[in-house]
Amino acid sequence: MRRFRAIATMAGMILAICGMAEAGSIAGTWTKTTHPDPSNIILLYSDSEIVKATGYEQVGDMPAYWYGEGIIRNGKLDLSYHYSAEATPKGWEPEGRMVLTLSENGNTLRGTATSRSGGWSERIELRRISFVMQR
């Protein structure tokens, strides 16, 4: 079993270096560990080379929904996001960008989220809940 894991890890690293598996390797269900809402959820998947995202979180007593699109290269996800008009928390900018680095084991994304104007920026960390195998 250890040998299989070692071979699988090496194959994944080689594919990632070659840029062939990066978008698909990020697909799955994630949760934001740097947010006070423990039941927030983010779904990431790839459509060709484009990574797509949709997310939900509770801000105060109001649900906030967002969607995004970006690319992953060299282990970094660059994703633009947009909160829906009816679910943008009061005082928040509806658009921004996340730049996140995928950990070696593929279970954590870490980086920053920044509003479009640059008036707000915060450290962000996502933890993988489940994988989605893509062809």
# chains A, B, ... in the order shown; residues from 1 in each chain; ligands from 1

call {"tool": "residues_around", "arguments": {"residues": "Ser121 of chain A", "least_positions_apart": "4", "cutoff": "10 Å", "atoms": "only C-alpha atoms", "output": "VMD selection string"}}
result
chain A and resid 96 to 98 112 to 117

call {"tool": "residues_around", "arguments": {"residues": "Asn40 of chain A", "least_positions_apart": "4", "cutoff": "9 Å", "atoms": "only C-alpha atoms", "output": "VMD selection string"}}
result
chain A and resid 30 to 33 35 to 36 55 to 58

call {"tool": "write_last_selection", "arguments": {"atoms": "N, CA, C and O atoms", "output": "PDB file, in the first residue's frame"}}
result
ATOM      1  N   TRP A  30     -14.783  22.018  -0.726  1.00  0.00           N
ATOM      2  CA  TRP A  30     -13.837  22.669   0.172  1.00  0.00           C
ATOM      3  C   TRP A  30     -14.598  23.464   1.225  1.00  0.00           C
ATOM      4  O   TRP A  30     -15.749  23.841   1.013  1.00  0.00           O
ATOM      5  N   THR A  31     -13.957  23.748   2.345  1.00  0.00           N
ATOM      6  CA  THR A  31     -14.518  24.635   3.357  1.00  0.00           C
ATOM      7  C   THR A  31     -13.461  25.662   3.739  1.00  0.00           C
ATOM      8  O   THR A  31     -12.262  25.370   3.717  1.00  0.00           O
ATOM      9  N   LYS A  32     -13.919  26.867   4.051  1.00  0.00           N
ATOM     10  CA  LYS A  32     -13.004  27.946   4.410  1.00  0.00           C
ATOM     11  C   LYS A  32     -12.748  27.888   5.913  1.00  0.00           C
ATOM     12  O   LYS A  32     -13.646  28.088   6.715  1.00  0.00           O
ATOM     13  N   THR A  33     -11.510  27.602   6.298  1.00  0.00           N
ATOM     14  CA  THR A  33     -11.163  27.475   7.719  1.00  0.00           C
ATOM     15  C   THR A  33     -10.919  28.828   8.378  1.00  0.00           C
ATOM     16  O   THR A  33     -10.841  28.903   9.594  1.00  0.00           O
ATOM     17  N   HIS A  35     -12.946  31.418   8.216  1.00  0.00           N
ATOM     18  CA  HIS A  35     -14.224  32.118   8.297  1.00  0.00           C
ATOM     19  C   HIS A  35     -14.984  31.614   9.516  1.00  0.00           C
ATOM     20  O   HIS A  35     -14.941  30.425   9.817  1.00  0.00           O
ATOM     21  N   PRO A  36     -15.676  32.500  10.249  1.00  0.00           N
ATOM     22  CA  PRO A  36     -16.350  32.057  11.475  1.00  0.00           C
ATOM     23  C   PRO A  36     -17.510  31.091  11.251  1.00  0.00           C
ATOM     24  O   PRO A  36     -17.900  30.381  12.171  1.00  0.00           O
ATOM     25  N   GLY A  55     -19.855  29.225  -4.069  1.00  0.00           N
ATOM     26  CA  GLY A  55     -19.687  29.154  -2.627  1.00  0.00           C
ATOM     27  C   GLY A  55     -20.877  29.678  -1.863  1.00  0.00           C
ATOM     28  O   GLY A  55     -21.693  30.444  -2.384  1.00  0.00           O
ATOM     29  N   TYR A  56     -20.965  29.245  -0.613  1.00  0.00           N
ATOM     30  CA  TYR A  56     -22.012  29.681   0.313  1.00  0.00           C
ATOM     31  C   TYR A  56     -21.367  29.904   1.670  1.00  0.00           C
ATOM     32  O   TYR A  56     -20.512  29.134   2.098  1.00  0.00           O
ATOM     33  N   GLU A  57     -21.796  30.964   2.324  1.00  0.00           N
ATOM     34  CA  GLU A  57     -21.382  31.211   3.699  1.00  0.00           C
ATOM     35  C   GLU A  57     -22.465  32.023   4.390  1.00  0.00           C
ATOM     36  O   GLU A  57     -23.260  32.694   3.737  1.00  0.00           O
ATOM     37  N   GLN A  58     -22.508  31.951   5.687  1.00  0.00           N
ATOM     38  CA  GLN A  58     -23.458  32.730   6.478  1.00  0.00           C
ATOM     39  C   GLN A  58     -22.693  33.922   7.034  1.00  0.00           C
ATOM     40  O   GLN A  58     -21.662  33.748   7.682  1.00  0.00           O
TER      41      GLN A  58
END

call {"tool": "residues_around", "arguments": {"residues": "Ala85 of chain A", "least_positions_apart": "5", "cutoff": "10 Å", "atoms": "only C-alpha atoms", "output": "list of chain:residue names"}}
result
A:Ala64, A:Tyr65, A:Trp66, A:Pro94

call {"tool": "write_last_selection", "arguments": {"atoms": "N, CA and C atoms", "output": "PDB file, in the first residue's frame"}}
result
ATOM      1  N   ALA A  64     -24.808  34.306   2.126  1.00  0.00           N
ATOM      2  CA  ALA A  64     -24.087  34.990   1.050  1.00  0.00           C
ATOM      3  C   ALA A  64     -23.639  33.940   0.036  1.00  0.00           C
ATOM      4  N   TYR A  65     -23.992  34.150  -1.216  1.00  0.00           N
ATOM      5  CA  TYR A  65     -23.653  33.221  -2.292  1.00  0.00           C
ATOM      6  C   TYR A  65     -22.722  33.921  -3.267  1.00  0.00           C
ATOM      7  N   TRP A  66     -21.776  33.167  -3.797  1.00  0.00           N
ATOM      8  CA  TRP A  66     -20.864  33.734  -4.779  1.00  0.00           C
ATOM      9  C   TRP A  66     -20.479  32.679  -5.807  1.00  0.00           C
ATOM     10  N   PRO A  94     -18.992  43.448  -4.136  1.00  0.00           N
ATOM     11  CA  PRO A  94     -19.444  42.181  -4.713  1.00  0.00           C
ATOM     12  C   PRO A  94     -18.391  41.432  -5.536  1.00  0.00           C
TER      13      PRO A  94
END

call {"tool": "residues_around", "arguments": {"residues": "Val59 of chain A", "least_positions_apart": "3", "cutoff": "8 Å", "atoms": "only C-alpha atoms", "output": "list in words"}}
result
Asp37, Met62, Pro63, Ala64 and Pro89 of chain A

call {"tool": "residues_around", "arguments": {"residues": "Ile129 of chain A", "least_positions_apart": "3", "cutoff": "12 Å", "atoms": "only C-alpha atoms", "output": "ChimeraX atom specification"}}
result
/A:26-33,39-44,106-109,126,132

call {"tool": "write_last_selection", "arguments": {"atoms": "all heavy atoms", "output": "CSV table (one decimal), in the first residue's frame"}}
result
chain,number,residue,atom,x,y,z
A,26,ILE,N,-7.8,20.0,-8.5
A,26,ILE,CA,-8.4,20.9,-7.6
A,26,ILE,C,-9.9,20.7,-7.4
A,26,ILE,O,-10.5,21.2,-6.4
A,26,ILE,CB,-8.1,22.4,-8.0
A,26,ILE,CG1,-8.2,23.3,-6.8
A,26,ILE,CG2,-9.1,22.8,-9.0
A,26,ILE,CD1,-7.4,24.6,-7.0
A,27,ALA,N,-10.5,19.9,-8.2
A,27,ALA,CA,-12.0,19.6,-8.2
A,27,ALA,C,-12.3,18.9,-6.9
A,27,ALA,O,-11.7,18.0,-6.4
A,27,ALA,CB,-12.4,18.8,-9.4
A,28,GLY,N,-13.4,19.4,-6.3
A,28,GLY,CA,-13.9,18.8,-5.0
A,28,GLY,C,-14.7,19.8,-4.2
A,28,GLY,O,-15.0,20.9,-4.6
A,29,THR,N,-15.0,19.4,-3.0
A,29,THR,CA,-15.7,20.2,-2.0
A,29,THR,C,-14.7,20.7,-1.0
A,29,THR,O,-13.9,20.0,-0.5
A,29,THR,CB,-16.8,19.4,-1.3
A,29,THR,OG1,-17.6,18.8,-2.3
A,29,THR,CG2,-17.7,20.3,-0.5
A,30,TRP,N,-14.8,22.0,-0.7
A,30,TRP,CA,-13.8,22.7,0.2
A,30,TRP,C,-14.6,23.5,1.2
A,30,TRP,O,-15.7,23.8,1.0
A,30,TRP,CB,-12.9,23.6,-0.6
A,30,TRP,CG,-12.1,23.0,-1.7
A,30,TRP,CD1,-12.5,22.5,-2.9
A,30,TRP,CD2,-10.7,22.7,-1.6
A,30,TRP,NE1,-11.5,22.0,-3.6
A,30,TRP,CE2,-10.3,22.0,-2.8
A,30,TRP,CE3,-9.7,22.9,-0.6
A,30,TRP,CZ2,-9.0,21.6,-3.1
A,30,TRP,CZ3,-8.4,22.5,-0.9
A,30,TRP,CH2,-8.1,21.9,-2.1
A,31,THR,N,-14.0,23.7,2.3
A,31,THR,CA,-14.5,24.6,3.4
A,31,THR,C,-13.5,25.7,3.7
A,31,THR,O,-12.3,25.4,3.7
A,31,THR,CB,-15.0,23.9,4.6
A,31,THR,OG1,-15.7,24.8,5.5
A,31,THR,CG2,-13.9,23.2,5.4
A,32,LYS,N,-13.9,26.9,4.1
A,32,LYS,CA,-13.0,27.9,4.4
A,32,LYS,C,-12.7,27.9,5.9
A,32,LYS,O,-13.6,28.1,6.7
A,32,LYS,CB,-13.6,29.3,4.0
A,32,LYS,CG,-12.6,30.4,4.1
A,32,LYS,CD,-13.1,31.8,3.6
A,32,LYS,CE,-14.4,31.9,2.9
A,32,LYS,NZ,-14.8,33.2,2.7
A,33,THR,N,-11.5,27.6,6.3
A,33,THR,CA,-11.2,27.5,7.7
A,33,THR,C,-10.9,28.8,8.4
A,33,THR,O,-10.8,28.9,9.6
A,33,THR,CB,-9.9,26.6,7.9
A,33,THR,OG1,-8.8,27.2,7.2
A,33,THR,CG2,-10.2,25.2,7.4
A,39,SER,N,-20.1,26.1,8.6
A,39,SER,CA,-20.8,25.3,7.6
A,39,SER,C,-20.7,26.0,6.2
A,39,SER,O,-21.5,25.7,5.3
A,39,SER,CB,-22.3,25.1,7.9
A,39,SER,OG,-22.9,26.3,8.3
A,40,ASN,N,-19.7,26.9,6.0
A,40,ASN,CA,-19.5,27.4,4.6
A,40,ASN,C,-19.0,26.3,3.7
A,40,ASN,O,-18.3,25.4,4.2
A,40,ASN,CB,-18.6,28.6,4.7
A,40,ASN,CG,-17.1,28.3,5.0
A,40,ASN,OD1,-16.5,27.7,4.2
A,40,ASN,ND2,-16.7,28.6,6.2
A,41,ILE,N,-19.3,26.4,2.5
A,41,ILE,CA,-18.9,25.4,1.5
A,41,ILE,C,-18.5,26.0,0.2
A,41,ILE,O,-19.1,27.0,-0.2
A,41,ILE,CB,-20.0,24.3,1.4
A,41,ILE,CG1,-19.4,23.1,0.7
A,41,ILE,CG2,-21.2,24.9,0.7
A,41,ILE,CD1,-20.3,21.9,0.9
A,42,ILE,N,-17.5,25.4,-0.5
A,42,ILE,CA,-17.1,25.9,-1.8
A,42,ILE,C,-16.9,24.7,-2.7
A,42,ILE,O,-16.3,23.7,-2.3
A,42,ILE,CB,-15.7,26.6,-1.7
A,42,ILE,CG1,-15.9,27.9,-0.8
A,42,ILE,CG2,-15.2,27.0,-3.1
A,42,ILE,CD1,-14.6,28.5,-0.3
A,43,LEU,N,-17.5,24.7,-3.9
A,43,LEU,CA,-17.4,23.7,-4.8
A,43,LEU,C,-16.5,24.2,-5.9
A,43,LEU,O,-16.7,25.2,-6.5
A,43,LEU,CB,-18.8,23.3,-5.4
A,43,LEU,CG,-19.8,22.8,-4.4
A,43,LEU,CD1,-21.1,22.7,-5.1
A,43,LEU,CD2,-19.4,21.6,-3.8
A,44,LEU,N,-15.4,23.4,-6.2
A,44,LEU,CA,-14.5,23.8,-7.3
A,44,LEU,C,-14.5,22.6,-8.3
A,44,LEU,O,-14.5,21.5,-7.9
A,44,LEU,CB,-13.1,23.9,-6.7
A,44,LEU,CG,-12.8,25.1,-5.8
A,44,LEU,CD1,-11.4,25.0,-5.2
A,44,LEU,CD2,-13.0,26.4,-6.5
A,106,GLY,N,-2.4,18.4,-1.7
A,106,GLY,CA,-3.6,18.7,-2.4
A,106,GLY,C,-4.8,18.9,-1.6
A,106,GLY,O,-5.9,19.0,-2.1
A,107,ASN,N,-4.6,19.0,-0.3
A,107,ASN,CA,-5.8,19.1,0.6
A,107,ASN,C,-6.0,20.5,1.2
A,107,ASN,O,-7.0,20.7,1.9
A,107,ASN,CB,-5.6,18.1,1.8
A,107,ASN,CG,-5.8,16.7,1.3
A,107,ASN,OD1,-6.6,16.4,0.4
A,107,ASN,ND2,-5.1,15.8,1.9
A,108,THR,N,-5.1,21.5,0.9
A,108,THR,CA,-5.2,22.8,1.4
A,108,THR,C,-4.9,23.8,0.3
A,108,THR,O,-4.0,23.6,-0.5
A,108,THR,CB,-4.3,23.0,2.6
A,108,THR,OG1,-4.5,22.0,3.6
A,108,THR,CG2,-4.5,24.4,3.3
A,109,LEU,N,-5.7,24.9,0.3
A,109,LEU,CA,-5.4,26.1,-0.5
A,109,LEU,C,-5.2,27.2,0.4
A,109,LEU,O,-6.1,27.5,1.3
A,109,LEU,CB,-6.6,26.3,-1.5
A,109,LEU,CG,-6.7,25.4,-2.7
A,109,LEU,CD1,-8.1,25.5,-3.3
A,109,LEU,CD2,-5.7,25.8,-3.7
A,126,LEU,N,-8.5,27.3,2.6
A,126,LEU,CA,-9.5,26.3,2.3
A,126,LEU,C,-9.0,24.9,2.6
A,126,LEU,O,-7.8,24.6,2.3
A,126,LEU,CB,-9.9,26.4,0.9
A,126,LEU,CG,-10.3,27.8,0.3
A,126,LEU,CD1,-10.7,27.7,-1.2
A,126,LEU,CD2,-11.4,28.4,1.1
A,132,VAL,N,-13.3,15.2,-6.3
A,132,VAL,CA,-14.2,14.8,-7.5
A,132,VAL,C,-13.2,14.4,-8.5
A,132,VAL,O,-12.3,15.1,-8.9
A,132,VAL,CB,-15.0,16.1,-8.0
A,132,VAL,CG1,-15.7,15.7,-9.3
A,132,VAL,CG2,-16.0,16.5,-6.9
